[in-house]
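Asker: Contents of protein37.csv (CSV, C-alpha atoms) are given next:
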```
chain,number,residue,atom,x,y,z
U,1,ASP,CA,-5.9,-4.7,-14.4
U,2,GLU,CA,-4.1,-5.4,-11.1
U,3,LYS,CA,-3.0,-2.6,-8.9
U,4,ILE,CA,0.7,-2.6,-8.0
U,5,PHE,CA,1.8,-1.9,-4.4
U,6,VAL,CA,5.3,-0.9,-3.2
U,7,VAL,CA,6.3,-2.1,0.3
U,8,PRO,CA,9.6,-0.6,1.6
U,9,VAL,CA,11.7,-3.2,3.4
U,10,VAL,CA,14.9,-2.4,5.2
U,11,LEU,CA,17.4,-5.2,6.2
U,12,ASN,CA,19.2,-4.2,9.3
U,13,TYR,CA,22.4,-6.0,10.6
U,14,HIS,CA,25.7,-5.4,12.2
U,15,PHE,CA,27.8,-6.8,9.4
U,16,VAL,CA,27.9,-6.3,5.6
U,17,MET,CA,29.9,-9.1,3.9
U,18,GLU,CA,30.7,-7.0,0.9
U,19,ALA,CA,31.4,-3.8,2.9
U,20,ASN,CA,35.0,-3.5,1.8
U,21,LYS,CA,34.1,-3.9,-1.9
U,22,LEU,CA,31.2,-1.5,-1.7
U,23,ILE,CA,33.1,1.3,0.0
U,24,THR,CA,36.1,0.8,-2.3
U,25,GLU,CA,33.9,1.1,-5.4
U,26,HIS,CA,32.3,4.2,-3.9
U,27,LEU,CA,35.6,5.9,-3.1
U,28,LYS,CA,37.0,5.0,-6.5
U,29,ALA,CA,34.0,6.5,-8.3
U,30,GLU,CA,34.0,9.7,-6.1
U,31,GLY,CA,37.7,10.2,-5.6
U,32,LYS,CA,39.3,8.8,-8.7
U,33,GLU,CA,43.0,9.5,-8.5
U,34,ASN,CA,42.6,10.8,-4.9
U,35,TYR,CA,41.9,7.3,-3.7
U,36,LEU,CA,44.4,4.4,-3.3
U,37,SER,CA,42.9,1.0,-2.8
U,38,GLU,CA,44.0,-2.4,-1.5
U,39,ASP,CA,42.4,-5.8,-1.5
U,40,GLU,CA,40.9,-6.9,1.9
U,41,PHE,CA,41.2,-10.6,1.0
U,42,LYS,CA,44.6,-10.6,-0.6
U,43,ASN,CA,45.7,-13.9,0.9
U,44,SER,CA,44.2,-17.2,1.7
U,45,PHE,CA,44.8,-16.9,5.5
U,46,LYS,CA,42.5,-13.8,5.7
U,47,THR,CA,39.9,-15.6,3.7
U,48,THR,CA,40.0,-18.6,5.9
U,49,LYS,CA,39.8,-16.4,9.0
U,50,PHE,CA,36.8,-14.6,7.6
U,51,LEU,CA,34.9,-17.8,6.9
U,52,TYR,CA,35.6,-19.1,10.4
U,53,LYS,CA,34.2,-15.9,11.9
U,54,PHE,CA,31.2,-15.9,9.6
U,55,PHE,CA,30.0,-19.4,10.4
U,56,THR,CA,30.7,-19.3,14.2
U,57,ALA,CA,29.1,-16.0,15.1
U,58,THR,CA,25.4,-15.4,15.5
U,59,PRO,CA,24.6,-11.7,14.9
U,60,LYS,CA,21.0,-10.6,14.6
U,61,ILE,CA,19.2,-9.5,11.4
U,62,ILE,CA,16.1,-7.4,11.8
U,63,ILE,CA,13.7,-6.9,8.9
U,64,SER,CA,11.8,-3.6,9.1
U,65,PHE,CA,8.7,-3.1,7.0
U,66,GLY,CA,7.5,0.4,6.0
U,67,LYS,CA,4.0,1.5,5.2
U,68,PRO,CA,2.7,0.2,1.8
U,69,MET,CA,2.2,2.8,-1.0
U,70,ASP,CA,1.0,2.9,-4.5
U,71,VAL,CA,3.3,3.5,-7.5
U,72,LEU,CA,2.9,7.3,-7.0
U,73,GLY,CA,4.0,7.1,-3.4
U,74,ASN,CA,0.5,7.6,-2.0
U,75,GLU,CA,-0.4,5.8,1.2
U,76,VAL,CA,-2.9,3.0,0.9
U,77,ASP,CA,-5.4,1.4,3.4
U,78,PHE,CA,-6.0,-2.2,4.2
U,79,ASP,CA,-8.2,-2.6,1.1
U,80,GLY,CA,-5.6,-1.1,-1.2
U,81,ASN,CA,-7.4,2.3,-1.7
U,82,SER,CA,-5.0,5.2,-2.3
U,83,PHE,CA,-5.0,8.5,-0.4
U,84,ASN,CA,-3.1,11.7,-1.2
U,85,LYS,CA,-1.1,13.8,1.3
U,86,ILE,CA,-4.3,15.6,2.5
U,87,GLY,CA,-6.2,12.4,3.1
U,88,GLN,CA,-8.4,12.4,0.0
U,89,LYS,CA,-9.1,9.1,-1.7
U,90,VAL,CA,-7.7,9.1,-5.3
U,91,ASN,CA,-7.9,6.8,-8.3
U,92,ILE,CA,-4.3,6.5,-9.6
U,93,GLU,CA,-5.5,5.4,-13.0
U,94,ASP,CA,-6.6,9.0,-13.6
U,95,PHE,CA,-3.0,10.1,-13.4
U,96,PHE,CA,-2.1,7.9,-16.4
U,97,THR,CA,-5.0,8.8,-18.7
U,98,THR,CA,-5.6,11.5,-21.2
U,99,GLU,CA,-9.2,12.0,-22.4
U,100,ASP,CA,-10.2,8.7,-20.6
U,101,GLN,CA,-7.5,6.7,-22.4
U,102,LEU,CA,-4.4,5.2,-20.8
U,103,THR,CA,-1.4,6.9,-22.5
U,104,GLU,CA,2.4,6.5,-22.5
U,105,ASN,CA,4.2,9.6,-21.5
U,106,LYS,CA,7.9,9.3,-20.7
U,107,GLN,CA,8.3,12.8,-19.3
U,108,ARG,CA,5.3,12.3,-17.0
U,109,ASN,CA,6.6,8.9,-15.9
U,110,ARG,CA,10.0,10.3,-15.0
U,111,VAL,CA,8.2,12.8,-12.7
U,112,TYR,CA,6.2,10.0,-11.1
U,113,THR,CA,9.3,7.8,-10.7
U,114,ALA,CA,11.1,10.7,-9.0
U,115,ARG,CA,8.2,11.2,-6.7
U,116,LEU,CA,8.1,7.5,-5.8
U,117,ALA,CA,11.8,7.5,-5.2
U,118,GLU,CA,11.6,10.3,-2.7
U,119,LYS,CA,8.9,8.4,-0.8
U,120,ILE,CA,11.0,5.2,-0.8
U,121,THR,CA,14.1,7.1,0.4
U,122,GLN,CA,12.1,8.7,3.2
U,123,ALA,CA,10.7,5.3,4.1
U,124,PHE,CA,14.3,3.9,4.3
U,125,LYS,CA,15.3,6.6,6.7
U,126,GLU,CA,12.3,6.1,8.9
U,127,ASN,CA,12.6,2.3,9.0
U,128,ASN,CA,16.4,2.1,9.3
U,129,ILE,CA,17.3,0.5,12.6
U,130,VAL,CA,20.5,1.9,14.2
U,131,PHE,CA,22.6,-0.9,15.9
U,132,THR,CA,25.3,-0.4,18.5
U,133,SER,CA,27.9,-1.1,15.8
U,134,HIS,CA,26.6,1.8,13.7
U,135,LEU,CA,26.6,4.1,16.7
U,136,VAL,CA,30.2,3.4,17.8
U,137,ALA,CA,31.4,3.6,14.2
U,138,PHE,CA,29.8,7.0,13.7
U,139,VAL,CA,31.2,8.4,16.9
U,140,ALA,CA,34.7,7.2,16.3
U,141,PHE,CA,34.8,8.4,12.7
U,142,GLU,CA,33.4,11.9,13.6
U,143,ILE,CA,36.0,12.3,16.4
U,144,ILE,CA,38.9,11.6,13.9
U,145,LYS,CA,37.2,13.8,11.3
U,146,LYS,CA,36.8,16.8,13.6
U,147,ARG,CA,40.4,16.3,14.8
U,148,HIS,CA,41.6,16.8,11.2
U,149,GLN,CA,39.1,19.2,9.8
U,150,GLN,CA,41.6,20.6,7.2
U,151,LEU,CA,42.0,17.2,5.5
U,152,SER,CA,39.8,15.7,2.8
U,153,ILE,CA,38.1,12.3,3.3
U,154,TYR,CA,40.8,10.6,1.2
U,155,GLU,CA,43.5,12.1,3.4
U,156,ILE,CA,41.7,11.0,6.5
U,157,LEU,CA,41.5,7.5,5.2
U,158,ARG,CA,45.3,7.5,4.8
U,159,LEU,CA,46.1,8.8,8.3
U,160,PRO,CA,49.0,6.9,10.0
U,161,LYS,CA,48.3,4.4,12.7
U,162,GLU,CA,49.4,6.8,15.5
U,163,GLU,CA,46.7,9.2,14.5
U,164,LEU,CA,43.9,6.6,14.9
U,165,THR,CA,43.7,6.5,18.7
U,166,ILE,CA,40.9,8.0,20.7
U,167,ASP,CA,40.8,8.7,24.4
U,168,TYR,CA,38.2,6.4,26.0
U,169,ASN,CA,36.6,9.0,28.1
U,170,SER,CA,36.0,11.3,25.1
U,171,PHE,CA,34.7,8.3,23.1
U,172,GLU,CA,32.3,7.4,25.9
U,173,LYS,CA,31.0,11.0,26.1
U,174,GLY,CA,30.5,11.0,22.3
U,175,VAL,CA,28.6,7.7,22.5
U,176,GLN,CA,26.3,9.0,25.2
U,177,LYS,CA,25.7,12.2,23.2
U,178,MET,CA,24.8,10.3,20.1
U,179,LYS,CA,22.5,8.0,22.0
U,180,ASP,CA,20.6,11.0,23.3
U,181,LEU,CA,20.3,12.4,19.8
U,182,LEU,CA,19.1,9.0,18.5
U,183,LEU,CA,16.4,8.8,21.2
U,184,GLU,CA,15.2,12.3,20.1
U,185,LEU,CA,15.0,11.2,16.5
U,186,LYS,CA,13.2,8.0,17.6
U,187,ALA,CA,10.6,10.0,19.5
U,188,LYS,CA,10.0,12.0,16.2
U,189,LYS,CA,9.7,8.6,14.3
U,190,ALA,CA,12.6,9.7,12.1
U,191,LEU,CA,14.3,6.3,12.6
U,192,LYS,CA,14.2,3.1,14.7
U,193,LEU,CA,16.6,1.7,17.3
U,194,SER,CA,17.7,-1.8,18.2
U,195,GLU,CA,16.9,-2.8,21.8
U,196,GLU,CA,20.6,-2.6,22.8
U,197,ILE,CA,20.7,1.1,22.2
U,198,TYR,CA,18.6,1.6,25.3
U,199,LYS,CA,21.2,0.0,27.5
U,200,ASP,CA,24.0,1.9,29.3
U,201,THR,CA,26.8,3.5,27.5
U,202,ARG,CA,29.5,1.0,28.3
U,203,PHE,CA,27.3,-1.9,27.1
U,204,ILE,CA,26.8,0.0,23.8
U,205,ILE,CA,30.5,0.5,23.4
U,206,ASN,CA,31.4,-3.2,24.2
U,207,ASN,CA,28.6,-4.6,22.1
U,208,GLY,CA,29.3,-2.3,19.1
U,209,ILE,CA,33.0,-2.9,19.1
U,210,LYS,CA,32.4,-6.7,19.3
U,211,PHE,CA,30.2,-6.8,16.2
U,212,LEU,CA,32.3,-4.4,14.2
U,213,GLY,CA,35.1,-6.9,14.6
U,214,THR,CA,33.2,-10.1,14.2
U,215,TYR,CA,33.8,-10.9,10.5
U,216,HIS,CA,36.5,-8.7,8.9
U,217,PRO,CA,40.1,-10.0,8.8
U,218,LYS,CA,41.0,-7.4,11.4
U,219,PRO,CA,38.6,-5.6,13.9
U,220,VAL,CA,37.5,-2.2,12.8
U,221,LEU,CA,37.6,-0.9,16.4
U,222,LYS,CA,39.2,-2.3,19.6
U,223,LYS,CA,39.8,-1.2,23.1
U,224,SER,CA,43.4,-1.1,24.4
U,225,LYS,CA,44.6,-1.8,27.9
U,226,GLN,CA,45.6,1.9,28.1
U,227,LYS,CA,42.0,3.0,28.1
U,228,THR,CA,42.0,4.1,24.5
U,229,ILE,CA,40.0,3.2,21.4
U,230,LEU,CA,42.1,2.0,18.5
U,231,ILE,CA,40.9,2.2,14.9
U,232,SER,CA,42.3,-0.7,12.8
U,233,ASP,CA,40.6,0.0,9.5
U,234,MET,CA,39.6,3.6,8.7
U,235,LYS,CA,37.9,2.6,5.4
U,236,LEU,CA,35.5,0.1,6.9
U,237,LEU,CA,34.9,2.5,9.8
U,238,TYR,CA,33.8,5.1,7.2
U,239,PHE,CA,31.5,2.5,5.6
U,240,TYR,CA,29.7,1.6,8.8
U,241,ARG,CA,29.6,5.3,9.9
U,242,ASN,CA,27.7,6.0,6.7
U,243,ARG,CA,24.8,3.7,7.8
U,244,SER,CA,23.6,6.5,10.1
U,245,LEU,CA,24.0,9.4,7.7
U,246,GLY,CA,21.0,11.5,6.6
U,247,TYR,CA,19.8,12.6,10.0
U,248,ASP,CA,22.1,15.6,10.5
U,249,ILE,CA,23.7,13.9,13.6
U,250,GLU,CA,27.2,14.9,12.6
U,251,ASN,CA,26.4,18.6,13.0
U,252,LYS,CA,25.0,18.1,16.5
U,253,LEU,CA,27.6,15.7,17.8
U,254,SER,CA,30.4,17.6,19.7
```
What is this structure when it is put down as structure tokens?
Answerer:
Amino acid sequence: DEKIFVVPVVLNYHFVMEANKLITEHLKAEGKENYLSEDEFKNSFKTTKFLYKFFTATPKIIISFGKPMDVLGNEVDFDGNSFNKIGQKVNIEDFFTTEDQLTENKQRNRVYTARLAEKITQAFKENNIVFTSHLVAFVAFEIIKKRHQQLSIYEILRLPKEELTIDYNSFEKGVQKMKDLLLELKAKKALKLSEEIYKDTRFIINNGIKFLGTYHPKPVLKKSKQKTILISDMKLLYFYRNRSLGYDIENKLS
């Protein structure tokens, strides 16, 4: 007799402890024989170094709550009443009844579940908060990707060290361009931004690189004395870049 409500919640943070495992499983499933893996924590020294970084750093975690909805994905008001997409009040029990009787219908339920899934996915995109680490990872990966357009993602992940260097000025321009695109998306309420994104480009770069290298055995990105950006781990860069997918940024970033 109690109505069920769905509240989308997005956890936003710079660092994902299981990032290496998650991206490895994804690449194995998608690429199969095209992907060659290696263990990030293959010795005790790396594990100890990771634990030290984990317990001595203090990165922020932001919890972002979306608008509550019912099990059909309809918006609800403060009193829990449901409203369809044109603002009409609806009784969701009517969607589960046949001749005034609650009925079990697997095909119907699959349709309703898919409908709710779409709403949850959209809520995730709208309440996802882009951090500086996500921004710099996205820009760095896209620069390398566009430099090697003829290669598959698995070939890009196996590029030699000398191919993983980015000119600082080009990187800075890319960061500024992506910041502008993110601000446009934020104005449309398509996503949310951390407060650091509003700061100047160089702060974004330094802050993003700092947090991308906070926990992992080796920093994902780092600045060299020669005014270049060095990529130390292409696979993890790919993982953190993916955090900002779904907004068509890659096709506008040049």
Asker: Contacts of stretch 125-131 of chain U at 7 Å or less, counting all atoms listed in the file, minus same-chain residues fewer than 3 places along, as a count of residues only?
Answerer: 18
Asker: Applying 12 Å and only C-alpha atoms, which residues near U:Ser170 remain after dropping the ones on its own chain fewer than 6 positions away? List them as an MDAnalysis selection string.
Answerer: chainID U and resid 139:140 142:144 176:177 227:229 253:254
Asker: What's around U:Tyr198 at 10 Å? Count only C-alpha atoms, leave out sequence neighbours fewer than 5 positions away in its own chain, and write the answer as a list in words.
Answerer: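 Answer for this query is Thr132, Lys179, Asp180, Leu183, Leu193, Phe203 and Ile204 of chain U.
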Asker: Looking at all atoms listed in the file, which of U:Ser133, U:Lys21, U:Lys145, U:Arg115 is the one that sits closest to U:Phe211?
Answerer: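 Of U:Ser133, U:Lys21, U:Lys145, U:Arg115, the one nearest U:Phe211 is U:Ser133, counting all atoms listed in the file.
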Asker: Excluding U:Lys89 and residues on its chain fewer than 4 positions from it, collect all residues at most 10 Å away from it, counting all atoms listed in the file, and give them as a ChimeraX atom specification.
Answerer: /U:74-77,81-85
Asker: One number please: atom CA of U:Glu25 to atom CA of U:Leu157, in Å, one decimal.
Answerer: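 Distance reported for this atom pair: 14.5 Å.
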Asker: Distance atom CA of U:Leu236-atom CA of U:Glu250, one decimal place?
Answerer: 17.9 Å
Asker: Expressed in Å to a single decimal, how great is the separation between atom CA of U:Val136 and atom CA of U:Gly246?
Answerer: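 It comes out at 16.6 Å.
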Asker: Identify, on the basis of all atoms listed in the file, every residue whose closest approach to U:Asn20 does not exceed 8 Å; exclude the query and any residue fewer than 4 positions from it along the same chain; express the result as a VMD selection string.
Answerer: chain U and resid 24 40 235 to 236 239
Asker: Rank U:Lys225, U:Lys119, U:His26, U:Lys186 by their smallest atom-to-atom distance to U:Tyr247, using only C-alpha atoms, and report the top residue only.
Answerer: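 Closest candidate: U:Lys186.
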Asker: For U:Arg243, which of U:Phe15, U:Ala29, U:Leu185, U:Asp94 is the closest residue, counting all atoms listed in the file?
Answerer: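 Between U:Phe15, U:Ala29, U:Leu185, U:Asp94, the residue approaching U:Arg243 most closely is U:Phe15.
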Asker: Go through U:Met178, U:Leu212, U:Leu22, U:Phe95 and flag the residue nearest U:Val111, using all atoms listed in the file for the distances.
Answerer: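 Closest candidate: U:Phe95.
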